[in-house]
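Engineer: Take a look at this one; I'll ask things after.
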Amino acid sequence: MTGFDIMAHIIVDQDRCTKCGLCVKICSFGLIDQVDETHFPQVQDINAPHCMYCGHCEVFCPSQALILNFRPDEKVLLPADTGTISPENIGFYLKKRRSIRHFTGEPVPKEKILEVLDIARYAASGGNGQPVQWLVIHDSEKVKKIAGLTIEWMRTLLNTPHPMSGFVPMLISAWEQGIDVICRGAPHLLFAHIPEESPIAPIDAIIALTHFDIAAPAFEIGTCWAGFVAAAAMSYEPLQKELNLPAGRKIAYAMMFGNPRYKIYGIPRRKSLEVMWQ
């Protein structure tokens, strides 16, 4: 290969590059110099600090001649047609997605969880900031403890102006009767956590958790958004201490998951589609 400069911001295989200029067009910030018959793609040193490392330049290159110089040794070639899903199949896959509230007692292996999280790390984020990090509660006994702390938080809401004040008594009552209405007996919890001061990271976390939620059924993992736990984790200090996040980080949201006890055989009805066009 000629023209291989490891110090460059983008690494160009000049034997493959057709100088089509698509990388110039696709760069979100216009950082790549114009390409012509005598000039291959390049990013000037003065422009390199503005790169958000989205990778568009390399993944849209039809001849696979370009590599963004960010962990280049980890580049994975995308075989032809890999990841292609028919509209019918993706439709059925997403429509049959269910919130799972009945789990087997068998834990999900950590290796499988990491596979799904590895997919979720490719979720979109504002400015490609990738602010989301993960806390996995794999110990089912600790999940139960977190559920109990969530109930404790609910007790603090009784007879207050909190919007959930009138709703929590029946949850507390069910819990006292031995019914886990918080984590539904799930063996595991997943927390997405983010920088405390970022105004856009909460949305990034929801996007990343949605990737986990959508990918999980392909691994035979059932999920359910853990809204009660998330709400408690955002404000209840004893639960925050139990989670023990690094300084400067906060919980964005939570999800319970595990091996589903029952299979799904159909698709439920939904409200009619309502769309406005302008």
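Ordered as shown in the structure tokens, chains take letters A, B, and onward, while each chain numbers its residues from 1 and ligands are numbered from 1 in the order shown.
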Tell me, as a ChimeraX atom specification, which residues lie within 9 Å of A:Arg16, counting only C-alpha atoms; anything in the same chain fewer than 3 positions away does not count.

Structural biologist: /A:1,12-13,63-66

Engineer: Of the candidates A:Phe219, A:Pro161, A:Arg261, A:Asp139, which one gets nearest to A:Glu111 if we count only C-alpha atoms?

Structural biologist: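 Once distances to A:Glu111 are computed over only C-alpha atoms, the minimum belongs to A:Phe219.
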
Engineer: Which of these residues is nearest to A:Pro131, using only C-alpha atoms: A:Cys57, A:Ala205, A:Leu171, A:Ala80?

Structural biologist: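 With only C-alpha atoms as the atom set, the closest residue is A:Ala205.
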
Engineer: Quick one: residues within 7 Å of A:Asn128, only C-alpha atoms counted, chain neighbours fewer than 2 positions away excluded, as JSON, numbers by chain?

Structural biologist: {"A": [52, 54, 124, 125, 126, 130]}

Engineer: Taking only residues of stretch 239-265 of chain A that have an atom at most 8 Å from an atom of stretch 173-193 of chain A, what is each one's shortest atom pair and its distance in Å to one decimal, using only C-alpha atoms, in chain and number order, as a tab-separated table?

Structural biologist:
```
residue	atom	partner	partner_atom	distance
A:Arg249	CA	A:His193	CA	6.3
A:Lys250	CA	A:His193	CA	5.3
A:Ile251	CA	A:His193	CA	4.4
A:Ala252	CA	A:His193	CA	5.2
A:Tyr253	CA	A:Ala192	CA	5.7
A:Ala254	CA	A:Phe191	CA	4.5
A:Met255	CA	A:Leu190	CA	5.1
A:Met256	CA	A:Leu189	CA	4.4
A:Phe257	CA	A:His188	CA	5.5
A:Gly258	CA	A:Pro187	CA	5.8
```

Engineer: Can you list, as JSON, numbers by chain, every residue of stretch 130-186 of chain A that DSSP puts in helix (DSSP H, G or I)?

Structural biologist: {"A": [140, 141, 142, 143, 144, 145, 146, 147, 148, 149, 150, 151, 152, 153, 154, 155, 168, 169, 170, 171, 172, 173, 174, 175, 176]}

Engineer: Take the residues that were just selected and, keeping N, CA and C atoms, output them as a JSON list (two decimals), in the first residue's frame.

Structural biologist:
```
[["chain", "number", "residue", "atom", "x", "y", "z"],
["A", 140, "SER", "N", -28.61, -11.03, 41.81],
["A", 140, "SER", "CA", -30.06, -10.93, 41.99],
["A", 140, "SER", "C", -30.43, -10.47, 43.40],
["A", 141, "GLU", "N", -29.60, -10.78, 44.38],
["A", 141, "GLU", "CA", -29.88, -10.33, 45.74],
["A", 141, "GLU", "C", -29.74, -8.81, 45.84],
["A", 142, "LYS", "N", -28.79, -8.26, 45.12],
["A", 142, "LYS", "CA", -28.64, -6.80, 45.12],
["A", 142, "LYS", "C", -29.79, -6.14, 44.37],
["A", 143, "VAL", "N", -30.30, -6.82, 43.34],
["A", 143, "VAL", "CA", -31.50, -6.30, 42.65],
["A", 143, "VAL", "C", -32.65, -6.18, 43.64],
["A", 144, "LYS", "N", -32.82, -7.21, 44.48],
["A", 144, "LYS", "CA", -33.89, -7.18, 45.48],
["A", 144, "LYS", "C", -33.67, -6.03, 46.47],
["A", 145, "LYS", "N", -32.41, -5.82, 46.85],
["A", 145, "LYS", "CA", -32.11, -4.73, 47.78],
["A", 145, "LYS", "C", -32.46, -3.38, 47.15],
["A", 146, "ILE", "N", -32.16, -3.21, 45.88],
["A", 146, "ILE", "CA", -32.48, -1.96, 45.17],
["A", 146, "ILE", "C", -33.99, -1.79, 45.08],
["A", 147, "ALA", "N", -34.71, -2.88, 44.85],
["A", 147, "ALA", "CA", -36.17, -2.80, 44.83],
["A", 147, "ALA", "C", -36.69, -2.34, 46.19],
["A", 148, "GLY", "N", -36.10, -2.88, 47.27],
["A", 148, "GLY", "CA", -36.51, -2.46, 48.60],
["A", 148, "GLY", "C", -36.22, -1.01, 48.88],
["A", 149, "LEU", "N", -35.09, -0.52, 48.42],
["A", 149, "LEU", "CA", -34.76, 0.90, 48.58],
["A", 149, "LEU", "C", -35.71, 1.78, 47.78],
["A", 150, "THR", "N", -36.17, 1.27, 46.66],
["A", 150, "THR", "CA", -37.15, 2.01, 45.86],
["A", 150, "THR", "C", -38.47, 2.14, 46.62],
["A", 151, "ILE", "N", -38.86, 1.07, 47.30],
["A", 151, "ILE", "CA", -40.06, 1.13, 48.14],
["A", 151, "ILE", "C", -39.86, 2.12, 49.28],
["A", 152, "GLU", "N", -38.66, 2.13, 49.87],
["A", 152, "GLU", "CA", -38.38, 3.11, 50.92],
["A", 152, "GLU", "C", -38.56, 4.53, 50.39],
["A", 153, "TRP", "N", -38.07, 4.77, 49.17],
["A", 153, "TRP", "CA", -38.25, 6.09, 48.55],
["A", 153, "TRP", "C", -39.73, 6.41, 48.40],
["A", 154, "MET", "N", -40.51, 5.43, 48.00],
["A", 154, "MET", "CA", -41.94, 5.65, 47.82],
["A", 154, "MET", "C", -42.62, 6.03, 49.12],
["A", 155, "ARG", "N", -42.14, 5.47, 50.20],
["A", 155, "ARG", "CA", -42.73, 5.82, 51.51],
["A", 155, "ARG", "C", -42.54, 7.31, 51.82],
["A", 168, "VAL", "N", -48.56, 5.46, 45.14],
["A", 168, "VAL", "CA", -47.61, 4.56, 45.78],
["A", 168, "VAL", "C", -48.21, 3.66, 46.87],
["A", 169, "PRO", "N", -49.32, 4.04, 47.55],
["A", 169, "PRO", "CA", -49.82, 3.15, 48.61],
["A", 169, "PRO", "C", -50.09, 1.73, 48.13],
["A", 170, "MET", "N", -50.66, 1.57, 46.95],
["A", 170, "MET", "CA", -50.96, 0.21, 46.49],
["A", 170, "MET", "C", -49.68, -0.55, 46.14],
["A", 171, "LEU", "N", -48.64, 0.16, 45.69],
["A", 171, "LEU", "CA", -47.37, -0.49, 45.41],
["A", 171, "LEU", "C", -46.71, -0.95, 46.71],
["A", 172, "ILE", "N", -46.75, -0.07, 47.70],
["A", 172, "ILE", "CA", -46.18, -0.42, 49.01],
["A", 172, "ILE", "C", -46.93, -1.61, 49.61],
["A", 173, "SER", "N", -48.24, -1.59, 49.48],
["A", 173, "SER", "CA", -49.06, -2.68, 50.01],
["A", 173, "SER", "C", -48.72, -4.00, 49.33],
["A", 174, "ALA", "N", -48.58, -3.98, 48.02],
["A", 174, "ALA", "CA", -48.23, -5.20, 47.29],
["A", 174, "ALA", "C", -46.87, -5.72, 47.72],
["A", 175, "TRP", "N", -45.94, -4.80, 47.90],
["A", 175, "TRP", "CA", -44.59, -5.19, 48.33],
["A", 175, "TRP", "C", -44.65, -5.86, 49.70],
["A", 176, "GLU", "N", -45.43, -5.30, 50.60],
["A", 176, "GLU", "CA", -45.55, -5.86, 51.95],
["A", 176, "GLU", "C", -46.18, -7.24, 51.94]]
```

Engineer: Write out as a VMD selection string the set of residues from stretch 37-212 of chain A that DSSP, computed on the backbone, places in strand (DSSP E).

Structural biologist: chain A and resid 66 to 68 133 to 137 188 to 195

Engineer: Store the residues of this selection in a file with N, CA and C atoms, as a PDB file, in the first residue's frame.

Structural biologist:
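Once written, out16.pdb looks like this:
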```pdb
ATOM      1  N   LEU A  66     -10.296   4.318   2.986  1.00  0.00           N
ATOM      2  CA  LEU A  66     -10.006   5.335   4.004  1.00  0.00           C
ATOM      3  C   LEU A  66     -10.302   4.785   5.393  1.00  0.00           C
ATOM      4  N   ILE A  67      -9.436   5.119   6.325  1.00  0.00           N
ATOM      5  CA  ILE A  67      -9.645   4.762   7.728  1.00  0.00           C
ATOM      6  C   ILE A  67      -9.422   6.009   8.576  1.00  0.00           C
ATOM      7  N   LEU A  68     -10.404   6.353   9.386  1.00  0.00           N
ATOM      8  CA  LEU A  68     -10.221   7.414  10.368  1.00  0.00           C
ATOM      9  C   LEU A  68      -9.184   6.944  11.372  1.00  0.00           C
ATOM     10  N   GLN A 133     -22.245   5.542  30.076  1.00  0.00           N
ATOM     11  CA  GLN A 133     -21.537   4.402  30.653  1.00  0.00           C
ATOM     12  C   GLN A 133     -22.567   3.536  31.375  1.00  0.00           C
ATOM     13  N   TRP A 134     -22.160   2.330  31.752  1.00  0.00           N
ATOM     14  CA  TRP A 134     -23.129   1.354  32.226  1.00  0.00           C
ATOM     15  C   TRP A 134     -22.784   0.813  33.613  1.00  0.00           C
ATOM     16  N   LEU A 135     -23.816   0.558  34.368  1.00  0.00           N
ATOM     17  CA  LEU A 135     -23.706  -0.168  35.621  1.00  0.00           C
ATOM     18  C   LEU A 135     -24.647  -1.359  35.516  1.00  0.00           C
ATOM     19  N   VAL A 136     -24.101  -2.562  35.576  1.00  0.00           N
ATOM     20  CA  VAL A 136     -24.908  -3.776  35.530  1.00  0.00           C
ATOM     21  C   VAL A 136     -24.983  -4.359  36.933  1.00  0.00           C
ATOM     22  N   ILE A 137     -26.181  -4.509  37.451  1.00  0.00           N
ATOM     23  CA  ILE A 137     -26.397  -5.208  38.712  1.00  0.00           C
ATOM     24  C   ILE A 137     -26.695  -6.657  38.353  1.00  0.00           C
ATOM     25  N   HIS A 188     -31.562  -9.196  36.985  1.00  0.00           N
ATOM     26  CA  HIS A 188     -30.539  -8.196  36.694  1.00  0.00           C
ATOM     27  C   HIS A 188     -31.160  -6.822  36.464  1.00  0.00           C
ATOM     28  N   LEU A 189     -30.355  -5.802  36.728  1.00  0.00           N
ATOM     29  CA  LEU A 189     -30.718  -4.421  36.420  1.00  0.00           C
ATOM     30  C   LEU A 189     -29.601  -3.775  35.619  1.00  0.00           C
ATOM     31  N   LEU A 190     -29.983  -2.922  34.704  1.00  0.00           N
ATOM     32  CA  LEU A 190     -29.014  -2.168  33.915  1.00  0.00           C
ATOM     33  C   LEU A 190     -29.271  -0.681  34.121  1.00  0.00           C
ATOM     34  N   PHE A 191     -28.235   0.054  34.511  1.00  0.00           N
ATOM     35  CA  PHE A 191     -28.324   1.502  34.664  1.00  0.00           C
ATOM     36  C   PHE A 191     -27.438   2.176  33.628  1.00  0.00           C
ATOM     37  N   ALA A 192     -27.990   3.139  32.933  1.00  0.00           N
ATOM     38  CA  ALA A 192     -27.187   4.012  32.082  1.00  0.00           C
ATOM     39  C   ALA A 192     -26.855   5.243  32.903  1.00  0.00           C
ATOM     40  N   HIS A 193     -25.575   5.577  33.011  1.00  0.00           N
ATOM     41  CA  HIS A 193     -25.217   6.776  33.761  1.00  0.00           C
ATOM     42  C   HIS A 193     -24.407   7.731  32.890  1.00  0.00           C
ATOM     43  N   ILE A 194     -24.506   9.004  33.234  1.00  0.00           N
ATOM     44  CA  ILE A 194     -24.026  10.083  32.368  1.00  0.00           C
ATOM     45  C   ILE A 194     -23.360  11.176  33.196  1.00  0.00           C
ATOM     46  N   PRO A 195     -22.635  12.092  32.532  1.00  0.00           N
ATOM     47  CA  PRO A 195     -22.062  13.225  33.268  1.00  0.00           C
ATOM     48  C   PRO A 195     -23.165  14.094  33.876  1.00  0.00           C
TER      49      PRO A 195
END
```

Engineer: List the neighbours of A:Ala215 out to 12 Å using only C-alpha atoms; skip same-chain residues closer than 3 positions along the sequence, and give me the result as an MDAnalysis selection string.

Structural biologist: chainID A and resid 90 93:94 97 112:123 208:212 218:223

Engineer: Could you check how far atom CA of A:Gly127 sits from atom CA of A:Tyr53, in Å to one decimal?

Structural biologist: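 Atom CA of A:Tyr53 lies at a distance of 9.2 Å from atom CA of A:Gly127.
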